[in-house]
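Enquirer: First the structure, then my questions, so here it is.
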Amino acid sequence: LTMGIGMSKDLSETVSSAPVIAGRYTIGKILGQGGMGAVLAAEDKKTGCTVAVKILLAPEHSSHELTDLASRLRDEAAACQAVKNVHLVEILDQGHDEVYGPFVVFEKLSGKTLRDELKKGPLPLARARNKVIGPLLEGLAALHEASFVHRDVKPENLLLASSGSYKIGDLGLAFFDTREAHTKTGCIVGTPGFVAPELVTGQADKPTAAADVYGAAVLIVETLTGKLPFLGKNAADILQEQLRRKLTEDDLQELGVPKALCRPLSKSLSADPK
């Protein structure tokens, strides 16, 4: 089976020569491309709707890694299908194409992320509360109720919807507590500064909802203040700061966090998940 686009062709060249996925999705443009995959805008020939199609990219990945990535893509689809919530990006279809390999079709959003908005500065409290914090916590609660843990909560994974609110996306690292996680021993799963310390220091094989609460707390602090609570020159330095420093309510208030949120955020940012 085809696992992803091979390194012999540039993605744009592949799109030119194979503009339709699975005989149904006519590719428009490349919305985003990274080391592991790409997201394409496409028109669904059956419904006429514009959708987003996520595919894998094969360059620089071994067959074992591609198998793992394909499994993550399927797991992302499974997580979205298992948890129906207005604050999660909706999955519409999934399948396998002879050229593109495994793919997942999602609702087409604006293409903007919370990170894009934060580049302009912190958000006003009312917008942060109604459009970011509320939807984020409700979406995570739905995941946790279904025994999923996102494991990579960060501004890049909150996608702007037409309503002006943000939806949780990129569930490729989501962990379901009845199956084995796609994690190699010694690998950091998540993003430095946002990943909970326990996922780095030995408990990565069994993450809990507390890991998402931690990531959400970091995201909320940055959303409200434009600053990250833990800084360092590299991932190791950031982890040491997370483990060493206990952020008090006063520390958070000095960063610019509203007083009413300092206590719950201080508790959520503890290095001890208990």
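Every chain in the structure tokens takes a letter, A first, then B, and so on in the order presented; its residues are numbered from 1, and the ligands are numbered from 1 following the presented order.
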Taking the backbone alone, and naming residues the way the document does, which bits of region 124-159 of chain A are strand (DSSP E or B) by DSSP, as number ranges by chain?

Expert: A: 148-149, 158-159

Enquirer: Keeping only all heavy atoms, write those residues as a compact mmCIF listing (two decimals), in the first residue's frame.

Expert:
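The resulting file, out.txt, is shown below:
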# COMPACT_ATOMS: atom_id res chain seq x y z
N PHE A 148 -9.91 9.93 25.99
CA PHE A 148 -8.81 10.39 25.15
C PHE A 148 -8.04 11.49 25.86
O PHE A 148 -8.61 12.29 26.60
CB PHE A 148 -9.33 10.95 23.81
CG PHE A 148 -9.71 9.91 22.81
CD1 PHE A 148 -11.03 9.50 22.68
CD2 PHE A 148 -8.75 9.34 21.97
CE1 PHE A 148 -11.39 8.55 21.75
CE2 PHE A 148 -9.10 8.38 21.04
CZ PHE A 148 -10.42 7.98 20.93
N VAL A 149 -6.72 11.54 25.61
CA VAL A 149 -5.87 12.63 26.06
C VAL A 149 -5.21 13.22 24.81
O VAL A 149 -4.61 12.50 24.03
CB VAL A 149 -4.79 12.15 27.05
CG1 VAL A 149 -3.91 13.31 27.51
CG2 VAL A 149 -5.43 11.47 28.25
N LEU A 158 -5.11 25.08 17.85
CA LEU A 158 -6.46 25.65 17.95
C LEU A 158 -6.74 26.39 16.65
O LEU A 158 -6.02 27.34 16.29
CB LEU A 158 -6.57 26.61 19.14
CG LEU A 158 -6.56 25.98 20.54
CD1 LEU A 158 -6.98 27.00 21.59
CD2 LEU A 158 -7.45 24.75 20.63
N LEU A 159 -7.77 25.96 15.94
CA LEU A 159 -8.05 26.46 14.60
C LEU A 159 -9.29 27.36 14.61
O LEU A 159 -10.31 27.03 15.22
CB LEU A 159 -8.28 25.28 13.65
CG LEU A 159 -7.18 24.20 13.68
CD1 LEU A 159 -7.53 23.06 12.75
CD2 LEU A 159 -5.84 24.80 13.30

Enquirer: Name the residues in contact with Gly226 (chain A) at a cut-off of 7 Å, using only C-alpha atoms, excluding same-chain residues fewer than 3 positions from it; report them as a PDB file with C-alpha atoms, in the first residue's frame.

Expert:
ATOM      1  CA  LEU A 118      -1.187  35.801  19.345  1.00  0.00           C
ATOM      2  CA  GLY A 121      -0.342  40.388  21.061  1.00  0.00           C
ATOM      3  CA  PRO A 122      -2.390  38.996  23.975  1.00  0.00           C
ATOM      4  CA  GLU A 222       0.145  33.040  26.900  1.00  0.00           C
ATOM      5  CA  THR A 223      -3.257  33.992  25.478  1.00  0.00           C
TER       6      THR A 223
END

Enquirer: Residues within 8 Å of Val86 (chain A), please, as a list of chain:residue names. Count only C-alpha atoms; anything in the same chain fewer than 4 positions from it doesn't count.

Expert: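 Everything that qualifies: A:Glu90, A:Gly139, A:Lys167.
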
Enquirer: Keeping only N, CA and C atoms, write the selected residues to a file as a compact mmCIF listing (two decimals), in the first residue's frame.

Expert:
# COMPACT_ATOMS: atom_id res chain seq x y z
N GLU A 90 -14.32 18.76 12.93
CA GLU A 90 -15.16 17.64 12.51
C GLU A 90 -14.50 16.85 11.38
N GLY A 139 -14.02 21.37 24.90
CA GLY A 139 -13.56 20.35 23.95
C GLY A 139 -12.69 19.31 24.62
N LYS A 167 -11.43 25.92 17.49
CA LYS A 167 -11.69 24.49 17.63
C LYS A 167 -10.37 23.75 17.83

Enquirer: Mind pulling up the distance from CA of Gly111 (chain A) to CA of Leu160 (chain A)?

Expert: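 Computing it gives 7.1 Å between the two atoms.
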
Enquirer: Between region 27-141 of chain A and region 195-219 of chain A, at 9 Å or less, what are the per-residue closest atom pairs and their distances in Å? Count only C-alpha atoms, order by chain and rising residue number, and return it as a tab-separated table.

Expert:
residue	atom	partner	partner_atom	distance
A:Ile133	CA	A:Ala216	CA	8.3
A:Leu136	CA	A:Ala216	CA	7.7
A:Leu137	CA	A:Ala216	CA	7.8
A:Leu140	CA	A:Asp212	CA	7.5
A:Ala141	CA	A:Ala209	CA	8.7

Enquirer: If you run DSSP over the backbone, which residues in region 74-132 of chain A end up helix (DSSP H, G or I)? Put them as an mmCIF file with C-alpha atoms, in the first residue's frame.

Expert:
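What follows is the written file result-v5.cif:
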data_model
loop_
_atom_site.group_PDB
_atom_site.id
_atom_site.type_symbol
_atom_site.label_atom_id
_atom_site.label_comp_id
_atom_site.auth_asym_id
_atom_site.auth_seq_id
_atom_site.Cartn_x
_atom_site.Cartn_y
_atom_site.Cartn_z
ATOM 1 C CA ARG A 74 -6.027 6.773 11.602
ATOM 2 C CA ASP A 75 -6.060 7.412 15.344
ATOM 3 C CA GLU A 76 -6.744 11.102 14.749
ATOM 4 C CA ALA A 77 -9.715 10.122 12.615
ATOM 5 C CA ALA A 78 -10.875 7.631 15.248
ATOM 6 C CA ALA A 79 -10.635 10.226 18.013
ATOM 7 C CA CYS A 80 -12.646 12.770 16.037
ATOM 8 C CA GLN A 81 -15.272 10.179 15.117
ATOM 9 C CA ALA A 82 -15.549 8.852 18.666
ATOM 10 C CA LEU A 114 -4.531 30.903 17.689
ATOM 11 C CA ARG A 115 -0.778 31.298 17.184
ATOM 12 C CA ASP A 116 -1.487 33.607 14.240
ATOM 13 C CA GLU A 117 -3.646 35.825 16.441
ATOM 14 C CA LEU A 118 -1.187 35.801 19.345
ATOM 15 C CA LEU A 125 -10.113 38.987 28.481
ATOM 16 C CA ALA A 126 -13.645 38.808 27.050
ATOM 17 C CA ARG A 127 -12.490 37.403 23.711
ATOM 18 C CA ALA A 128 -10.054 35.012 25.407
ATOM 19 C CA ARG A 129 -12.758 33.733 27.744
ATOM 20 C CA ASN A 130 -15.523 33.313 25.151
ATOM 21 C CA LYS A 131 -13.602 32.296 22.036
ATOM 22 C CA VAL A 132 -10.560 30.444 23.368
#

Enquirer: In terms of the shortest atom-to-atom distance over only C-alpha atoms, which of A:Lys233, A:Gly169, A:Tyr25, A:Val51 is closest to His87 (chain A)?

Expert: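 Nearest candidate to His87 (chain A) out of A:Lys233, A:Gly169, A:Tyr25, A:Val51: A:Gly169.
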
Enquirer: Pick out the closest residue to Ile30 (chain A) from this set: A:Leu269, A:Gly232, A:Val15, A:Asp44. Count only C-alpha atoms.

Expert: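 Result for the nearest residue to Ile30 (chain A): A:Val15.
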
Enquirer: Taking 4 positions as the minimum chain separation for residues in the same chain, which residues sit within 8 Å of region 251-253 of chain A when counting only C-alpha atoms? Answer as a list in words.

Expert: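 With the cut-off at 8 Å, the set is Pro229, Leu247, Val257, Pro258, Lys259, Cys262 and Ser266 of chain A.
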
Enquirer: Taking into account only C-alpha atoms, which residue in the set A:Pro102, A:Pro155, A:Gly164, A:Gly34 is nearest to Phe194 (chain A)?

Expert: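 Under the stated criterion, the closest residue is A:Pro155.
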